[in-house]
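Engineer: Please see the structure below; I have some questions.
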Amino acid sequence: MYGSKPFYKKSPFWVGVSIVVPLLLFLISFRQEVGAIIRLLYFHSWEVFFEPDTMEAMVVLLYNLIFCFGLVFLFWLILISAQAILPIINVDEVFRTAFHLVVYLLGWHGAAVFIKDGKIIGTPEELRRSGPGVVVVDFNSAVVLEEQVPSPGLNTAFLNIFMDFFSWLGLSDRYQSPRICNKGITFIRPLERIRAVVDLRNQFRMQSNNRAYTRDGIEIITNVFCGFTIGQDADVLQVTYAGEKVADNLRVVTFEHLEDGRLKVKELSDELDLQDREEIHRNTWLQIRRNQMLDYFDPPKIEPFPKFDPDRIFAAVSSQARDDKKELVPWDELPALVAVDVYRKILSENNYDDFYRQPSDPQVFPLNEIKKKMRIRMRNNGILSYQLVLHRSPRVSLEEGADYSQDALWVSQIEPFITSKPLRERGIKVLFSGFTDLTPVSEDVLKKRLESWRAPWVQEARIQQSQRDVQALLTRSHAYAQAQQELVNKLEQVLQGNQLMEEALATRVLQALEAASLDSRTRQLLPANTLEVMRSLRDWIG
């Protein structure tokens, strides 16, 4: 931490300087008195003790040690506490830091640790120390302190009296267990211990090599992941009734802001489970009956910076679940375990072929719809808020694709969902979730899947090939009939209107046949030896 700083800018250097310099000034200023005391210690004689110079030196030194040095020491405490030890921000923290510095000098101090990014920076020996301590928490973290129950006895009674006295002086916090503390300095009471530390930033966890079964009994292995946080406000779902105002008709509405200030209903999606629908319907129906609806306003945007919420932090830390081995699961491992359960349930609801079936719309991939379903279920499992949006006219329902003026809409108050769910109870917000490629454990499944995938394409190819063969056969037959008709026409021309001898007539017929066989279109329909047969006939006739 200090490796890049020069020595004169390091806190330990200035702490040493603040001790050594006053000590040297004291020895130089009272060198005669100090010498008299040294002479007394050297001779060990009562005569030297009662000498006027010795008595005067003792009085001067005692006065300066008690009053002057005490003031210097107090000034030193305040100076060091305000400048060189902790990142204090007000006068109260200066005096409390000075008090803990005195405790540290006397060896009565407890743990002094630093919390950074949700992790404790400190040695195990430091964490085991008992007594007043201090914790410095960074902007991204929070710490949960818990007061231990002391054993009954006289020491405990005196300790309680002293702690009440120090609390009255403002040098110690009053009793509170558990105590959730945010960024900055937190002074630990003597019996307090660090129960847990929390990282308020977005978290990511993955459960690798999870095995599950589809509805048709195929074993699948994949990795399931989840992103979550307890340092961010809940998302607000805008909901409306698609038709009659009953719980089953509640839909999540997504608006698009147009340039003229109107709102276009981009999508009405069925994303809510039954319990959340009933909660919305029950609560908002009362607001409608009591005329508590408001003019339309957009939900607030989610701030990207970590937000400190002591109730959610306490719920996450204190409500620990147990895994299959009956062991306590840290709060930041629970979302991934819940994601695995949701993934297995979704997988059991579908056959393996449903993930890759050929849809009617080539732009739709079935597996993406399955992942979207898991993402929605996980989101609904965490903290969420809702806002009902209605048209001011009771007979008008919002329709997908239509646009409305903001003055024509009214909304309910933004309310959080309170229906009990594993992650919602612990104040955890789910940011995203999903799973990687689905890999069957058995290789035969992939082979069968490949054959199943090829079958419709092969069948389609065969059908198209058959259609082409039929078309070619029809074309060939038509050409053959046309060639026959042309040959018949030529023979009719030869035989009609010609009074020739039989030999000459045969020659003319043979010439007509040769002319027809030399045509490129007709030749494709004749046997390969047709020309040779024609030549043989010519030679025989000639």
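Scheme for the structure tokens: letters A, B, ... for chains in order shown; per-chain residue numbers from 1; ligand numbers from 1 in order shown.
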Would you pick out the contacts of range 270-275 of chain A at 9 Å or less, using only C-alpha atoms, so that residues sharing its chain but fewer than 5 positions from it are not included, and give the list as a ChimeraX atom specification?
Structural biologist: /A:247-252,280,373,376-377,380,419
Engineer: Residues of the last selection are to be written out with C-alpha atoms, as a PDB file, in the first residue's frame.
Structural biologist:
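What ended up in result00.pdb:
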ATOM      1  CA  ALA A 247     -56.040 -11.200 -11.813  1.00  0.00           C
ATOM      2  CA  ASP A 248     -55.551 -13.634 -14.708  1.00  0.00           C
ATOM      3  CA  ASN A 249     -55.592 -10.745 -17.212  1.00  0.00           C
ATOM      4  CA  LEU A 250     -52.706  -8.813 -15.650  1.00  0.00           C
ATOM      5  CA  ARG A 251     -49.864  -8.300 -18.121  1.00  0.00           C
ATOM      6  CA  VAL A 252     -46.522  -6.514 -18.021  1.00  0.00           C
ATOM      7  CA  ILE A 280     -51.283  -6.794  -7.502  1.00  0.00           C
ATOM      8  CA  LYS A 373     -38.589 -18.259 -19.371  1.00  0.00           C
ATOM      9  CA  ILE A 376     -38.207 -14.222 -16.020  1.00  0.00           C
ATOM     10  CA  ARG A 377     -38.746 -16.799 -13.283  1.00  0.00           C
ATOM     11  CA  ASN A 380     -39.608 -12.748 -10.225  1.00  0.00           C
ATOM     12  CA  THR A 419     -45.203 -12.421  -1.520  1.00  0.00           C
TER      13      THR A 419
END
Engineer: Quick one: DSSP strand (DSSP E) residues in range 323-426 of chain A, as an MDAnalysis selection string?
Structural biologist: chainID A and resid 328:329 385:391 403:404 409:411 415:416
Engineer: Neighbours of Leu200 in chain A within 8 Å (only C-alpha atoms; same-chain residues fewer than 6 positions away dropped), as a ChimeraX atom specification?
Structural biologist: /A:118,140-142,229-232,306-308
Engineer: Generate a file of the selected residues that holds N, CA and C atoms, formatted as a short mmCIF file (atom, residue, chain, number, x, y, z; two decimals), in the first residue's frame.
Structural biologist:
data_model
loop_
_atom_site.label_atom_id
_atom_site.label_comp_id
_atom_site.auth_asym_id
_atom_site.auth_seq_id
_atom_site.Cartn_x
_atom_site.Cartn_y
_atom_site.Cartn_z
N GLY A 118 -15.97 -6.09 0.04
CA GLY A 118 -16.64 -7.21 0.69
C GLY A 118 -15.73 -8.24 1.31
N ASN A 140 -17.86 0.24 -1.37
CA ASN A 140 -18.58 -0.88 -1.97
C ASN A 140 -19.05 -1.91 -0.96
N SER A 141 -18.80 -1.71 0.33
CA SER A 141 -19.01 -2.77 1.30
C SER A 141 -19.88 -2.30 2.46
N ALA A 142 -20.28 -3.27 3.26
CA ALA A 142 -20.99 -3.05 4.52
C ALA A 142 -20.57 -4.16 5.47
N THR A 229 -27.56 -8.83 -6.80
CA THR A 229 -26.99 -7.80 -5.94
C THR A 229 -27.97 -7.51 -4.81
N ILE A 230 -27.45 -6.95 -3.71
CA ILE A 230 -28.30 -6.40 -2.66
C ILE A 230 -28.02 -4.91 -2.50
N GLY A 231 -27.28 -4.34 -3.43
CA GLY A 231 -26.94 -2.92 -3.37
C GLY A 231 -27.57 -2.11 -4.46
N GLN A 232 -28.78 -2.51 -4.90
CA GLN A 232 -29.45 -1.80 -5.98
C GLN A 232 -30.95 -1.87 -5.74
N PRO A 306 -23.63 1.57 -5.71
CA PRO A 306 -24.13 0.71 -4.64
C PRO A 306 -24.95 1.50 -3.62
N LYS A 307 -26.07 0.90 -3.21
CA LYS A 307 -26.96 1.53 -2.25
C LYS A 307 -26.97 0.73 -0.96
N PHE A 308 -26.89 1.44 0.17
CA PHE A 308 -26.86 0.80 1.48
C PHE A 308 -28.27 0.69 2.03
#
Engineer: Counting only C-alpha atoms, figure out which residue out of A:Gln320, A:Leu71, A:Ile428, A:Met58 gets nearest to Asn202 in chain A.
Structural biologist: A:Ile428
Engineer: I'd like the neighbourhood of Ile221 in chain A as a list in words, where a residue qualifies if any of its atoms comes within 9 Å (using only C-alpha atoms), though same-chain residues fewer than 4 positions away should be ignored.
Structural biologist: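 Once the nearby chain positions are removed, what remains is Ser208, Asn209, Asn210, Arg211, Ala212, Tyr213, Asp437, Leu438, Thr439, Pro440 and Val441 of chain A.
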Engineer: Can you write out the residues you just picked, keeping C-alpha atoms, as a PDB file, in the first residue's frame?
Structural biologist:
ATOM      1  CA  SER A 208     -20.771 -26.011 -13.075  1.00  0.00           C
ATOM      2  CA  ASN A 209     -21.622 -29.462 -14.422  1.00  0.00           C
ATOM      3  CA  ASN A 210     -25.236 -29.590 -13.293  1.00  0.00           C
ATOM      4  CA  ARG A 211     -27.114 -32.720 -14.260  1.00  0.00           C
ATOM      5  CA  ALA A 212     -30.835 -32.731 -14.960  1.00  0.00           C
ATOM      6  CA  TYR A 213     -33.428 -34.750 -16.888  1.00  0.00           C
ATOM      7  CA  ASP A 437     -25.041 -25.216 -24.053  1.00  0.00           C
ATOM      8  CA  LEU A 438     -27.063 -28.316 -23.213  1.00  0.00           C
ATOM      9  CA  THR A 439     -24.873 -31.395 -23.557  1.00  0.00           C
ATOM     10  CA  PRO A 440     -26.442 -34.869 -23.311  1.00  0.00           C
ATOM     11  CA  VAL A 441     -24.489 -37.262 -21.129  1.00  0.00           C
TER      12      VAL A 441
END
Engineer: Which one of A:Leu367, A:Leu294, A:Leu328, A:Leu25 sits closest to Trp410 in chain A if you count only C-alpha atoms?
Structural biologist: A:Leu294
Engineer: Could you check the closest approach to Gln176 in chain A for each of A:Thr254, A:Gln238, A:Gln148, A:Gln459 and tell me which residue wins, using only C-alpha atoms?
Structural biologist: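 The answer is A:Gln148, which sits nearest to Gln176 in chain A.
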Engineer: Could you give me the residues within range 124-340 of chain A that DSSP places in alpha helix (DSSP H), as a count of residues only?
Structural biologist: 52
Engineer: Using only C-alpha atoms, which residues sit within 7 Å of Phe114 in chain A once same-chain residues fewer than 2 positions away are excluded, as a VMD selection string?
Structural biologist: chain A and resid 116 120 to 122 135 to 137
Engineer: Could you save those same residues with N, CA and C atoms as an mmCIF file, in the first residue's frame?
Structural biologist:
data_model
loop_
_atom_site.group_PDB
_atom_site.id
_atom_site.type_symbol
_atom_site.label_atom_id
_atom_site.label_comp_id
_atom_site.auth_asym_id
_atom_site.auth_seq_id
_atom_site.Cartn_x
_atom_site.Cartn_y
_atom_site.Cartn_z
ATOM 1 N N LYS A 116 -12.616 -4.166 2.353
ATOM 2 C CA LYS A 116 -12.489 -3.684 0.977
ATOM 3 C C LYS A 116 -13.146 -4.677 0.025
ATOM 4 N N ILE A 120 -12.464 -8.985 4.267
ATOM 5 C CA ILE A 120 -11.774 -8.489 5.449
ATOM 6 C C ILE A 120 -10.271 -8.549 5.202
ATOM 7 N N ILE A 121 -9.614 -7.423 5.368
ATOM 8 C CA ILE A 121 -8.162 -7.363 5.258
ATOM 9 C C ILE A 121 -7.603 -7.283 6.681
ATOM 10 N N GLY A 122 -7.126 -8.393 7.175
ATOM 11 C CA GLY A 122 -6.626 -8.471 8.543
ATOM 12 C C GLY A 122 -6.225 -9.902 8.854
ATOM 13 N N VAL A 135 -13.165 -0.530 12.592
ATOM 14 C CA VAL A 135 -13.300 -1.114 11.256
ATOM 15 C C VAL A 135 -13.452 0.029 10.266
ATOM 16 N N VAL A 136 -12.656 -0.001 9.217
ATOM 17 C CA VAL A 136 -12.757 0.981 8.138
ATOM 18 C C VAL A 136 -13.375 0.275 6.935
ATOM 19 N N VAL A 137 -14.526 0.770 6.494
ATOM 20 C CA VAL A 137 -15.296 0.137 5.427
ATOM 21 C C VAL A 137 -15.230 1.006 4.179
#
Engineer: Excluding same-chain residues fewer than 3 positions from Thr186 in chain A, what lies within 10 Å of it counting only C-alpha atoms, as a PyMOL selection string?
Structural biologist: chain A and resi 93+133-137+143+145+173+180-183+189
Engineer: If we count only C-alpha atoms and set the cut-off at 7 Å, which residues sit around Met374 in chain A, ignoring sequence neighbours fewer than 3 positions away in its own chain? Please answer as a list of chain:residue names.
Structural biologist: A:Val342, A:Tyr343, A:Ile370, A:Lys371, A:Arg377, A:Met378, A:Gly434
Engineer: In Å, rounded to a single decimal, give me how far CA of Pro456 in chain A is from CA of Gln471 in chain A.
Structural biologist: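 Rounded to one decimal, the two atoms are 22.4 Å apart.
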